[in-house]
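Trainee: My structure is in start_11.pdb, and what it holds is PDB, C-alpha atoms, pLDDT in the B column:
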ATOM      1  CA  MET Q   1      -2.981 -12.112  19.463  1.00 38.00           C
ATOM      2  CA  MET Q   2      -1.038  -8.943  18.877  1.00 39.00           C
ATOM      3  CA  SER Q   3      -0.856  -7.486  15.390  1.00 39.00           C
ATOM      4  CA  VAL Q   4       2.660  -7.205  14.054  1.00 40.00           C
ATOM      5  CA  GLU Q   5       3.403  -5.496  10.772  1.00 44.00           C
ATOM      6  CA  SER Q   6       6.701  -6.272   9.115  1.00 47.00           C
ATOM      7  CA  THR Q   7       8.777  -4.895   6.309  1.00 47.00           C
ATOM      8  CA  ILE Q   8      11.995  -6.297   4.957  1.00 50.00           C
ATOM      9  CA  ARG Q   9      15.049  -4.559   3.561  1.00 51.00           C
ATOM     10  CA  ARG Q  10      18.687  -5.501   3.352  1.00 51.00           C
ATOM     11  CA  VAL Q  11      21.527  -3.574   4.894  1.00 46.00           C
ATOM     12  CA  ASN Q  12      24.775  -3.632   2.883  1.00 47.00           C
ATOM     13  CA  GLY Q  13      23.906  -7.070   1.531  1.00 50.00           C
ATOM     14  CA  GLY Q  14      23.775  -8.528   5.029  1.00 59.00           C
ATOM     15  CA  ALA Q  15      20.974  -9.565   7.349  1.00 62.00           C
ATOM     16  CA  ALA Q  16      17.399  -8.706   6.532  1.00 63.00           C
ATOM     17  CA  LYS Q  17      16.332  -5.689   8.568  1.00 60.00           C
ATOM     18  CA  LEU Q  18      12.853  -6.361   9.880  1.00 63.00           C
ATOM     19  CA  SER Q  19      10.656  -3.577  11.147  1.00 64.00           C
ATOM     20  CA  VAL Q  20       8.717  -4.797  14.164  1.00 68.00           C
ATOM     21  CA  ALA Q  21       6.729  -2.851  16.717  1.00 66.00           C
ATOM     22  CA  PRO Q  22       8.055  -2.582  20.302  1.00 66.00           C
ATOM     23  CA  LEU Q  23       6.419  -4.896  22.820  1.00 60.00           C
ATOM     24  CA  GLU Q  24       3.803  -3.022  24.820  1.00 59.00           C
ATOM     25  CA  ASP Q  25       3.377  -5.624  27.540  1.00 57.00           C
ATOM     26  CA  THR Q  26       6.735  -6.638  29.012  1.00 51.00           C
ATOM     27  CA  SER Q  27       5.334  -9.172  31.499  1.00 53.00           C
ATOM     28  CA  THR Q  28       6.545 -12.237  29.585  1.00 79.00           C
ATOM     29  CA  PHE Q  29       9.344 -11.109  27.295  1.00 84.00           C
ATOM     30  CA  LYS Q  30      10.183 -14.507  25.855  1.00 86.00           C
ATOM     31  CA  ASN Q  31       6.600 -15.488  25.018  1.00 89.00           C
ATOM     32  CA  ARG Q  32       5.755 -12.156  23.483  1.00 87.00           C
ATOM     33  CA  ALA Q  33       9.023 -12.016  21.545  1.00 91.00           C
ATOM     34  CA  TYR Q  34       8.262 -15.518  20.263  1.00 92.00           C
ATOM     35  CA  THR Q  35       4.751 -14.503  19.145  1.00 91.00           C
ATOM     36  CA  ALA Q  36       5.972 -11.297  17.501  1.00 90.00           C
ATOM     37  CA  LEU Q  37       8.831 -12.993  15.646  1.00 91.00           C
ATOM     38  CA  LYS Q  38       6.658 -15.888  14.482  1.00 91.00           C
ATOM     39  CA  GLU Q  39       4.095 -13.465  13.065  1.00 89.00           C
ATOM     40  CA  VAL Q  40       6.850 -11.581  11.284  1.00 86.00           C
ATOM     41  CA  ILE Q  41       8.284 -14.773   9.777  1.00 88.00           C
ATOM     42  CA  VAL Q  42       4.857 -15.818   8.485  1.00 85.00           C
ATOM     43  CA  SER Q  43       4.251 -12.359   7.004  1.00 84.00           C
ATOM     44  CA  LEU Q  44       7.542 -12.447   5.079  1.00 83.00           C
ATOM     45  CA  ASN Q  45       6.142 -14.825   2.433  1.00 82.00           C
ATOM     46  CA  ILE Q  46       9.457 -16.648   2.466  1.00 88.00           C
ATOM     47  CA  TYR Q  47       8.644 -18.571  -0.715  1.00 86.00           C
ATOM     48  CA  ASP Q  48       8.467 -15.286  -2.613  1.00 84.00           C
ATOM     49  CA  GLN Q  49      11.963 -14.302  -1.484  1.00 81.00           C
ATOM     50  CA  SER Q  50      14.700 -14.952  -4.035  1.00 78.00           C
ATOM     51  CA  ASN Q  51      17.506 -14.825  -1.442  1.00 84.00           C
ATOM     52  CA  GLU Q  52      18.033 -16.280   2.009  1.00 88.00           C
ATOM     53  CA  VAL Q  53      16.591 -14.178   4.812  1.00 90.00           C
ATOM     54  CA  ARG Q  54      19.017 -13.741   7.709  1.00 91.00           C
ATOM     55  CA  LEU Q  55      17.769 -12.364  11.019  1.00 91.00           C
ATOM     56  CA  ASP Q  56      19.779  -9.918  13.114  1.00 89.00           C
ATOM     57  CA  GLU Q  57      19.301 -10.731  16.794  1.00 89.00           C
ATOM     58  CA  ARG Q  58      20.573  -7.335  17.974  1.00 90.00           C
ATOM     59  CA  GLN Q  59      18.364  -5.368  15.577  1.00 90.00           C
ATOM     60  CA  LEU Q  60      15.300  -7.421  16.513  1.00 90.00           C
ATOM     61  CA  ALA Q  61      15.932  -6.872  20.233  1.00 90.00           C
ATOM     62  CA  GLN Q  62      16.216  -3.128  19.655  1.00 91.00           C
ATOM     63  CA  SER Q  63      13.030  -3.051  17.575  1.00 89.00           C
ATOM     64  CA  LEU Q  64      11.086  -4.996  20.204  1.00 88.00           C
ATOM     65  CA  GLY Q  65      12.482  -2.902  23.034  1.00 89.00           C
ATOM     66  CA  VAL Q  66      13.870  -5.866  24.976  1.00 89.00           C
ATOM     67  CA  SER Q  67      17.271  -7.334  25.755  1.00 90.00           C
ATOM     68  CA  ARG Q  68      18.785  -9.953  23.466  1.00 91.00           C
ATOM     69  CA  THR Q  69      18.107 -12.790  25.943  1.00 91.00           C
ATOM     70  CA  PRO Q  70      14.354 -13.193  25.282  1.00 91.00           C
ATOM     71  CA  VAL Q  71      14.966 -12.827  21.542  1.00 92.00           C
ATOM     72  CA  ARG Q  72      17.618 -15.558  21.731  1.00 92.00           C
ATOM     73  CA  GLU Q  73      15.220 -17.787  23.698  1.00 93.00           C
ATOM     74  CA  ALA Q  74      12.433 -17.127  21.209  1.00 94.00           C
ATOM     75  CA  MET Q  75      14.766 -17.953  18.318  1.00 94.00           C
ATOM     76  CA  ALA Q  76      15.706 -21.246  19.985  1.00 94.00           C
ATOM     77  CA  GLN Q  77      12.030 -22.193  20.225  1.00 94.00           C
ATOM     78  CA  LEU Q  78      11.399 -21.181  16.622  1.00 95.00           C
ATOM     79  CA  GLU Q  79      14.348 -23.325  15.540  1.00 95.00           C
ATOM     80  CA  ARG Q  80      12.911 -26.333  17.378  1.00 94.00           C
ATOM     81  CA  GLU Q  81       9.660 -25.772  15.488  1.00 92.00           C
ATOM     82  CA  GLY Q  82      11.406 -25.584  12.117  1.00 93.00           C
ATOM     83  CA  PHE Q  83      10.901 -21.899  11.320  1.00 94.00           C
ATOM     84  CA  VAL Q  84      14.528 -20.768  11.551  1.00 95.00           C
ATOM     85  CA  HIS Q  85      17.919 -22.443  11.572  1.00 94.00           C
ATOM     86  CA  SER Q  86      21.248 -21.250  12.914  1.00 92.00           C
ATOM     87  CA  VAL Q  87      24.460 -21.523  10.924  1.00 92.00           C
ATOM     88  CA  PRO Q  88      27.704 -21.311  12.939  1.00 88.00           C
ATOM     89  CA  ARG Q  89      29.608 -18.069  12.305  1.00 84.00           C
ATOM     90  CA  ARG Q  90      26.942 -16.926   9.843  1.00 88.00           C
ATOM     91  CA  GLY Q  91      23.759 -16.274  11.796  1.00 89.00           C
ATOM     92  CA  ILE Q  92      20.104 -17.253  11.955  1.00 92.00           C
ATOM     93  CA  TYR Q  93      18.100 -17.793   8.770  1.00 94.00           C
ATOM     94  CA  VAL Q  94      14.402 -18.201   8.047  1.00 93.00           C
ATOM     95  CA  VAL Q  95      13.769 -21.766   6.857  1.00 93.00           C
ATOM     96  CA  ARG Q  96      12.626 -22.467   3.323  1.00 91.00           C
ATOM     97  CA  LYS Q  97      11.341 -26.027   3.246  1.00 93.00           C
ATOM     98  CA  THR Q  98      12.385 -28.260   0.366  1.00 94.00           C
ATOM     99  CA  ARG Q  99       9.808 -29.607  -2.065  1.00 95.00           C
ATOM    100  CA  ARG Q 100       9.996 -33.043  -0.402  1.00 96.00           C
ATOM    101  CA  GLU Q 101       9.523 -31.523   3.069  1.00 95.00           C
ATOM    102  CA  VAL Q 102       6.521 -29.479   1.889  1.00 95.00           C
ATOM    103  CA  ILE Q 103       4.897 -32.535   0.318  1.00 96.00           C
ATOM    104  CA  GLU Q 104       5.435 -34.547   3.497  1.00 97.00           C
ATOM    105  CA  MET Q 105       3.894 -31.761   5.595  1.00 95.00           C
ATOM    106  CA  ILE Q 106       0.850 -31.684   3.313  1.00 96.00           C
ATOM    107  CA  GLN Q 107       0.471 -35.466   3.578  1.00 97.00           C
ATOM    108  CA  VAL Q 108       0.418 -35.259   7.373  1.00 97.00           C
ATOM    109  CA  TRP Q 109      -1.991 -32.324   7.201  1.00 96.00           C
ATOM    110  CA  ALA Q 110      -4.287 -34.378   4.952  1.00 97.00           C
ATOM    111  CA  ALA Q 111      -4.459 -37.100   7.607  1.00 97.00           C
ATOM    112  CA  LEU Q 112      -5.201 -34.645  10.427  1.00 97.00           C
ATOM    113  CA  GLU Q 113      -7.764 -32.550   8.568  1.00 98.00           C
ATOM    114  CA  SER Q 114      -9.624 -35.556   7.166  1.00 98.00           C
ATOM    115  CA  LEU Q 115      -9.927 -36.934  10.704  1.00 98.00           C
ATOM    116  CA  ALA Q 116     -11.281 -33.563  11.842  1.00 98.00           C
ATOM    117  CA  ALA Q 117     -13.869 -33.669   9.032  1.00 98.00           C
ATOM    118  CA  ARG Q 118     -14.961 -37.120  10.171  1.00 98.00           C
ATOM    119  CA  LEU Q 119     -15.391 -35.835  13.731  1.00 98.00           C
ATOM    120  CA  ILE Q 120     -17.362 -32.802  12.528  1.00 98.00           C
ATOM    121  CA  THR Q 121     -20.051 -35.003  10.963  1.00 98.00           C
ATOM    122  CA  VAL Q 122     -20.549 -36.658  14.340  1.00 97.00           C
ATOM    123  CA  HIS Q 123     -20.162 -33.823  16.821  1.00 95.00           C
ATOM    124  CA  ALA Q 124     -20.609 -30.375  15.220  1.00 97.00           C
ATOM    125  CA  SER Q 125     -23.923 -28.537  15.243  1.00 96.00           C
ATOM    126  CA  ASP Q 126     -25.802 -27.544  12.092  1.00 96.00           C
ATOM    127  CA  GLU Q 127     -25.151 -23.921  12.989  1.00 96.00           C
ATOM    128  CA  GLU Q 128     -21.381 -24.481  13.148  1.00 96.00           C
ATOM    129  CA  ILE Q 129     -21.345 -26.245   9.795  1.00 97.00           C
ATOM    130  CA  GLY Q 130     -23.525 -23.499   8.322  1.00 96.00           C
ATOM    131  CA  ARG Q 131     -20.890 -20.908   9.186  1.00 95.00           C
ATOM    132  CA  LEU Q 132     -18.477 -22.685   6.845  1.00 96.00           C
ATOM    133  CA  ARG Q 133     -20.789 -21.982   3.899  1.00 94.00           C
ATOM    134  CA  GLU Q 134     -21.124 -18.345   4.936  1.00 94.00           C
ATOM    135  CA  MET Q 135     -17.367 -17.895   4.495  1.00 93.00           C
ATOM    136  CA  PHE Q 136     -17.730 -18.213   0.729  1.00 90.00           C
ATOM    137  CA  ALA Q 137     -20.949 -16.272   0.158  1.00 87.00           C
ATOM    138  CA  SER Q 138     -19.166 -13.181  -1.199  1.00 84.00           C
ATOM    139  CA  PHE Q 139     -17.318 -15.222  -3.841  1.00 82.00           C
ATOM    140  CA  ASP Q 140     -20.489 -16.280  -5.700  1.00 71.00           C
ATOM    141  CA  GLU Q 141     -20.459 -13.008  -7.635  1.00 66.00           C
ATOM    142  CA  ALA Q 142     -19.045 -12.586 -11.151  1.00 56.00           C
ATOM    143  CA  GLY Q 143     -15.323 -13.168 -11.233  1.00 62.00           C
ATOM    144  CA  GLY Q 144     -15.376 -15.690  -8.394  1.00 70.00           C
ATOM    145  CA  PRO Q 145     -12.349 -15.977  -6.115  1.00 75.00           C
ATOM    146  CA  HIS Q 146      -9.974 -14.553  -8.760  1.00 65.00           C
ATOM    147  CA  ALA Q 147     -11.705 -11.160  -8.488  1.00 64.00           C
ATOM    148  CA  LYS Q 148     -10.735 -11.005  -4.805  1.00 77.00           C
ATOM    149  CA  LEU Q 149      -7.706 -13.272  -4.684  1.00 80.00           C
ATOM    150  CA  ASP Q 150      -6.059 -11.760  -1.599  1.00 83.00           C
ATOM    151  CA  GLU Q 151      -9.330 -11.897   0.319  1.00 88.00           C
ATOM    152  CA  TYR Q 152     -10.024 -15.435  -0.872  1.00 89.00           C
ATOM    153  CA  SER Q 153      -6.527 -16.539   0.143  1.00 89.00           C
ATOM    154  CA  GLU Q 154      -7.231 -15.482   3.732  1.00 90.00           C
ATOM    155  CA  VAL Q 155     -10.677 -17.125   3.742  1.00 93.00           C
ATOM    156  CA  ASN Q 156      -9.126 -20.294   2.337  1.00 92.00           C
ATOM    157  CA  ILE Q 157      -6.663 -20.389   5.226  1.00 92.00           C
ATOM    158  CA  GLN Q 158      -9.433 -19.640   7.736  1.00 94.00           C
ATOM    159  CA  PHE Q 159     -11.563 -22.461   6.308  1.00 96.00           C
ATOM    160  CA  HIS Q 160      -8.893 -25.097   6.862  1.00 96.00           C
ATOM    161  CA  GLN Q 161      -8.097 -23.784  10.334  1.00 95.00           C
ATOM    162  CA  THR Q 162     -11.793 -23.900  11.216  1.00 97.00           C
ATOM    163  CA  ILE Q 163     -12.145 -27.499  10.021  1.00 97.00           C
ATOM    164  CA  ILE Q 164      -9.408 -28.528  12.453  1.00 97.00           C
ATOM    165  CA  ALA Q 165     -10.964 -26.575  15.333  1.00 97.00           C
ATOM    166  CA  MET Q 166     -14.497 -27.859  14.684  1.00 97.00           C
ATOM    167  CA  GLY Q 167     -13.320 -31.443  15.022  1.00 97.00           C
ATOM    168  CA  GLY Q 168     -13.386 -30.790  18.758  1.00 95.00           C
ATOM    169  CA  ASN Q 169     -10.295 -32.863  19.528  1.00 97.00           C
ATOM    170  CA  GLY Q 170      -7.756 -30.913  21.569  1.00 96.00           C
ATOM    171  CA  ILE Q 171      -4.843 -33.233  20.834  1.00 96.00           C
ATOM    172  CA  LEU Q 172      -5.508 -32.994  17.101  1.00 96.00           C
ATOM    173  CA  VAL Q 173      -5.596 -29.176  17.353  1.00 96.00           C
ATOM    174  CA  ASN Q 174      -2.258 -29.145  19.177  1.00 94.00           C
ATOM    175  CA  LEU Q 175      -0.659 -31.493  16.649  1.00 93.00           C
ATOM    176  CA  ALA Q 176      -1.843 -29.291  13.787  1.00 94.00           C
ATOM    177  CA  GLU Q 177      -0.900 -25.917  15.297  1.00 90.00           C
ATOM    178  CA  ASN Q 178       2.675 -25.425  14.089  1.00 87.00           C
ATOM    179  CA  LEU Q 179       2.139 -27.531  10.992  1.00 91.00           C
ATOM    180  CA  PHE Q 180      -0.670 -25.170  10.060  1.00 88.00           C
ATOM    181  CA  THR Q 181       1.666 -22.178  10.238  1.00 89.00           C
ATOM    182  CA  HIS Q 182       3.959 -23.820   7.681  1.00 89.00           C
ATOM    183  CA  MET Q 183       0.924 -24.783   5.590  1.00 89.00           C
ATOM    184  CA  ARG Q 184      -0.340 -21.219   5.703  1.00 88.00           C
ATOM    185  CA  MET Q 185       2.814 -19.954   3.985  1.00 90.00           C
ATOM    186  CA  ILE Q 186       2.520 -22.623   1.282  1.00 90.00           C
ATOM    187  CA  ARG Q 187      -1.205 -22.055   0.702  1.00 89.00           C
ATOM    188  CA  ARG Q 188      -0.648 -18.307   0.391  1.00 87.00           C
ATOM    189  CA  LYS Q 189       2.000 -18.912  -2.268  1.00 88.00           C
ATOM    190  CA  THR Q 190       0.100 -21.491  -4.316  1.00 91.00           C
ATOM    191  CA  ILE Q 191      -3.495 -20.203  -4.290  1.00 89.00           C
ATOM    192  CA  GLY Q 192      -2.966 -18.002  -7.348  1.00 84.00           C
ATOM    193  CA  GLU Q 193      -1.177 -20.662  -9.392  1.00 87.00           C
ATOM    194  CA  GLU Q 194      -2.661 -22.862 -12.147  1.00 82.00           C
ATOM    195  CA  ASN Q 195      -6.312 -21.884 -11.445  1.00 84.00           C
ATOM    196  CA  ARG Q 196      -6.061 -23.326  -7.950  1.00 88.00           C
ATOM    197  CA  ALA Q 197      -8.475 -20.731  -6.559  1.00 88.00           C
ATOM    198  CA  ASP Q 198     -11.319 -21.917  -8.823  1.00 88.00           C
ATOM    199  CA  ARG Q 199     -10.694 -25.573  -8.004  1.00 90.00           C
ATOM    200  CA  SER Q 200     -10.310 -24.713  -4.340  1.00 92.00           C
ATOM    201  CA  ILE Q 201     -13.743 -23.124  -3.932  1.00 92.00           C
ATOM    202  CA  GLN Q 202     -15.400 -26.010  -5.789  1.00 93.00           C
ATOM    203  CA  ASP Q 203     -13.707 -28.481  -3.449  1.00 96.00           C
ATOM    204  CA  HIS Q 204     -14.674 -26.452  -0.395  1.00 96.00           C
ATOM    205  CA  LEU Q 205     -18.342 -26.325  -1.367  1.00 95.00           C
ATOM    206  CA  ALA Q 206     -18.360 -30.098  -1.986  1.00 97.00           C
ATOM    207  CA  ILE Q 207     -16.780 -30.636   1.452  1.00 98.00           C
ATOM    208  CA  ILE Q 208     -19.388 -28.411   3.098  1.00 97.00           C
ATOM    209  CA  GLN Q 209     -22.205 -30.288   1.340  1.00 97.00           C
ATOM    210  CA  ALA Q 210     -20.878 -33.595   2.674  1.00 98.00           C
ATOM    211  CA  LEU Q 211     -20.591 -32.159   6.180  1.00 98.00           C
ATOM    212  CA  GLU Q 212     -24.139 -30.774   6.031  1.00 98.00           C
ATOM    213  CA  ALA Q 213     -25.392 -34.214   4.928  1.00 98.00           C
ATOM    214  CA  ARG Q 214     -23.442 -35.835   7.805  1.00 98.00           C
ATOM    215  CA  ASP Q 215     -21.867 -38.093   5.197  1.00 98.00           C
ATOM    216  CA  THR Q 216     -18.857 -39.123   7.278  1.00 98.00           C
ATOM    217  CA  ASP Q 217     -17.008 -41.178   4.697  1.00 98.00           C
ATOM    218  CA  ALA Q 218     -17.513 -38.669   1.878  1.00 98.00           C
ATOM    219  CA  ALA Q 219     -16.408 -35.733   4.028  1.00 98.00           C
ATOM    220  CA  GLU Q 220     -13.266 -37.562   5.098  1.00 98.00           C
ATOM    221  CA  VAL Q 221     -12.336 -38.545   1.531  1.00 98.00           C
ATOM    222  CA  LEU Q 222     -13.079 -35.102   0.054  1.00 98.00           C
ATOM    223  CA  VAL Q 223     -10.950 -33.299   2.645  1.00 98.00           C
ATOM    224  CA  ARG Q 224      -8.078 -35.737   2.268  1.00 98.00           C
ATOM    225  CA  ASN Q 225      -8.141 -35.568  -1.535  1.00 98.00           C
ATOM    226  CA  HIS Q 226      -8.320 -31.777  -1.459  1.00 97.00           C
ATOM    227  CA  ALA Q 227      -5.149 -31.603   0.637  1.00 96.00           C
ATOM    228  CA  LEU Q 228      -3.374 -34.226  -1.457  1.00 97.00           C
ATOM    229  CA  GLY Q 229      -4.276 -32.186  -4.531  1.00 96.00           C
ATOM    230  CA  LEU Q 230      -2.094 -29.441  -3.089  1.00 95.00           C
ATOM    231  CA  ALA Q 231       0.719 -31.955  -2.645  1.00 96.00           C
ATOM    232  CA  ASP Q 232       0.361 -32.949  -6.296  1.00 96.00           C
ATOM    233  CA  HIS Q 233       0.443 -29.288  -7.335  1.00 94.00           C
ATOM    234  CA  VAL Q 234       3.642 -28.697  -5.373  1.00 94.00           C
ATOM    235  CA  SER Q 235       5.202 -31.801  -6.916  1.00 95.00           C
ATOM    236  CA  ARG Q 236       4.358 -30.628 -10.448  1.00 93.00           C
ATOM    237  CA  TYR Q 237       4.750 -26.863 -10.368  1.00 91.00           C
ATOM    238  CA  ALA Q 238       6.712 -25.601  -7.340  1.00 89.00           C
ATOM    239  CA  ASP Q 239       9.970 -24.991  -9.190  1.00 88.00           C
ATOM    240  CA  TYR Q 240      10.860 -22.326  -6.608  1.00 86.00           C
ATOM    241  CA  LEU Q 241      11.434 -25.145  -4.099  1.00 89.00           C
ATOM    242  CA  GLU Q 242      14.635 -27.184  -4.032  1.00 84.00           C
TER     243      GLU Q 242
END
What is this structure when it is put down as structure tokens?

Mentor:
Amino acid sequence: MMSVESTIRRVNGGAAKLSVAPLEDTSTFKNRAYTALKEVIVSLNIYDQSNEVRLDERQLAQSLGVSRTPVREAMAQLEREGFVHSVPRRGIYVVRKTRREVIEMIQVWAALESLAARLITVHASDEEIGRLREMFASFDEAGGPHAKLDEYSEVNIQFHQTIIAMGGNGILVNLAENLFTHMRMIRRKTIGEENRADRSIQDHLAIIQALEARDTDAAEVLVRNHALGLADHVSRYADYLE
């Protein structure tokens, strides 16, 4: 996947001006524009933005070095997936999910990830499960995850993505793909709130222990409850959501 760095600034109070790198490979303009724009949207940390973020189709096409057609097609796909929405005579805006929508996404994620955990206990190798524990080895030092919060946030996201992949069910992976992108933005926002990082690593280690023991029921319950704990946190503390 290409690496896309983004910055955001506003021009005369209008659309957000995003800085995106030109596309190097022009073989599939729409697909690459879609990938680039999706990465930019995720990197914006939309839940840290106090104002709506409006996207300028012309500016994005110029930045990517393509015509407006593939950008328009990419935007249409992103709108179908719930990342942007178009407002007649106003433009295209990055979507901020409501509190209810976020909670519902987490509930669905809990069902998918807990099923993946159940499958892991049956199908995954000891070596694969062992790699989950290795993810957290560097956070055993003094200070725990809070000492390296940005790094832990990324490992946290990687852990949940890996659980889905290790389940070995292609349909489940496909169902989770776009939902995970929305979840990634929420997890990044919430990991530093209300000591969630400390509780998170404790939950993760308990999940890994259940997977190592091939305790199917325990692994399923622990993963589901961990995700639903995030839903409870959003319900209680996410005042930045409508």

Trainee: For Leu112 (chain Q), list every protein, DNA or RNA residue within 8 Å, evaluated using all atoms listed in the file, and leave out those in the same chain fewer than 5 positions away; present the list as a ChimeraX atom specification.

Mentor: /Q:164,172,176

Trainee: Just to confirm, what's the straight-line distance from CA of Arg133 (chain Q) to CA of Glu212 (chain Q) in Å (one decimal)?

Mentor: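 Going from CA of Arg133 (chain Q) over to CA of Glu212 (chain Q), I get 9.6 Å.
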
Trainee: Counting only C-alpha atoms, figure out which residue out of Q:Ser63, Q:Asp198, Q:Thr162, Q:Ala227 gets nearest to Ile120 (chain Q).

Mentor: Q:Thr162

Trainee: Measure the distance from CA of Arg58 (chain Q) to CA of Ala33 (chain Q) in Å and round it to one decimal.

Mentor: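 Interatomic distance here is 13.0 Å.
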
Trainee: Excluding same-chain residues fewer than 2 positions from Gly192 (chain Q), what lies within 10 Å of it counting all atoms listed in the file, as a VMD selection string?

Mentor: chain Q and resid 145 to 146 149 to 150 152 to 153 187 to 190 194 to 198

Trainee: Would you mind telling me which residue in Q:Gly229, Q:Gly91, Q:Gly144, Q:Gly130 lies nearest to Glu52 (chain Q) when using only C-alpha atoms?

Mentor: Q:Gly91

Trainee: Would you mind reading off the distance between CA of Lys30 (chain Q) and CA of Val71 (chain Q), one decimal, in Å?

Mentor: 6.7 Å

Trainee: Env of Met75 (chain Q): 8 Å cut, atoms = only C-alpha atoms, seq-sep filter 3 positions within chain, self excluded. Answer as a list in words.

Mentor: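 With the cut-off at 8 Å, the set is Tyr34, Val71, Arg72, Leu78, Glu79 and Val84 of chain Q.
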
Trainee: Please identify all polymer residues within 12 Å of Arg131 (chain Q), counting all atoms listed in the file, omitting same-chain residues fewer than 6 positions from it, and present them as a ChimeraX atom specification.

Mentor: /Q:124-125,137,158-159,162-163,166,208,211-212

Trainee: Would you kindly translate the PyMOL selection byres ((chain Q and resi 98) around 6) into the concrete residues it picks from this file, as a PyMOL selection string?

Mentor: chain Q and resi 97+99-101+241-242

Trainee: Could you tell me which residues the PyMOL selection byres ((chain Q and resi 232) around 12) returns for this structure, as an NGL selection string?

Mentor: :Q and (99-100 or 102-104 or 106-107 or 190 or 196 or 225-231 or 233-238)

Trainee: Can you write out the residues you just picked, keeping C-alpha atoms, as an mmCIF file, in the coordinates of the input?

Mentor:
data_model
loop_
_atom_site.group_PDB
_atom_site.id
_atom_site.type_symbol
_atom_site.label_atom_id
_atom_site.label_comp_id
_atom_site.auth_asym_id
_atom_site.auth_seq_id
_atom_site.Cartn_x
_atom_site.Cartn_y
_atom_site.Cartn_z
ATOM 1 C CA ARG Q 99 9.808 -29.607 -2.065
ATOM 2 C CA ARG Q 100 9.996 -33.043 -0.402
ATOM 3 C CA VAL Q 102 6.521 -29.479 1.889
ATOM 4 C CA ILE Q 103 4.897 -32.535 0.318
ATOM 5 C CA GLU Q 104 5.435 -34.547 3.497
ATOM 6 C CA ILE Q 106 0.850 -31.684 3.313
ATOM 7 C CA GLN Q 107 0.471 -35.466 3.578
ATOM 8 C CA THR Q 190 0.100 -21.491 -4.316
ATOM 9 C CA ARG Q 196 -6.061 -23.326 -7.950
ATOM 10 C CA ASN Q 225 -8.141 -35.568 -1.535
ATOM 11 C CA HIS Q 226 -8.320 -31.777 -1.459
ATOM 12 C CA ALA Q 227 -5.149 -31.603 0.637
ATOM 13 C CA LEU Q 228 -3.374 -34.226 -1.457
ATOM 14 C CA GLY Q 229 -4.276 -32.186 -4.531
ATOM 15 C CA LEU Q 230 -2.094 -29.441 -3.089
ATOM 16 C CA ALA Q 231 0.719 -31.955 -2.645
ATOM 17 C CA HIS Q 233 0.443 -29.288 -7.335
ATOM 18 C CA VAL Q 234 3.642 -28.697 -5.373
ATOM 19 C CA SER Q 235 5.202 -31.801 -6.916
ATOM 20 C CA ARG Q 236 4.358 -30.628 -10.448
ATOM 21 C CA TYR Q 237 4.750 -26.863 -10.368
ATOM 22 C CA ALA Q 238 6.712 -25.601 -7.340
#

Trainee: Which residue gives the smallest distance to Ile207 (chain Q) among Q:Thr35, Q:Thr121, Q:Gln49, Q:Ser67, with only C-alpha atoms counted?

Mentor: Q:Thr121

Trainee: Rank nothing, just name the residue among Q:Ala219, Q:Ala111, Q:Leu55, Q:Ala116 nearest to Ala165 (chain Q), using all atoms listed in the file.

Mentor: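 Nearest candidate to Ala165 (chain Q) out of Q:Ala219, Q:Ala111, Q:Leu55, Q:Ala116: Q:Ala116.
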
Trainee: Excluding same-chain residues fewer than 4 positions from Leu179 (chain Q), what lies within 9 Å of it counting all atoms listed in the file, as a compact mmCIF listing (two decimals) with C-alpha atoms, in the frame of the given file?

Mentor:
# COMPACT_ATOMS: atom_id res chain seq x y z
CA GLU Q 81 9.66 -25.77 15.49
CA MET Q 105 3.89 -31.76 5.60
CA ILE Q 106 0.85 -31.68 3.31
CA VAL Q 108 0.42 -35.26 7.37
CA TRP Q 109 -1.99 -32.32 7.20
CA LEU Q 175 -0.66 -31.49 16.65
CA MET Q 183 0.92 -24.78 5.59
CA ARG Q 184 -0.34 -21.22 5.70
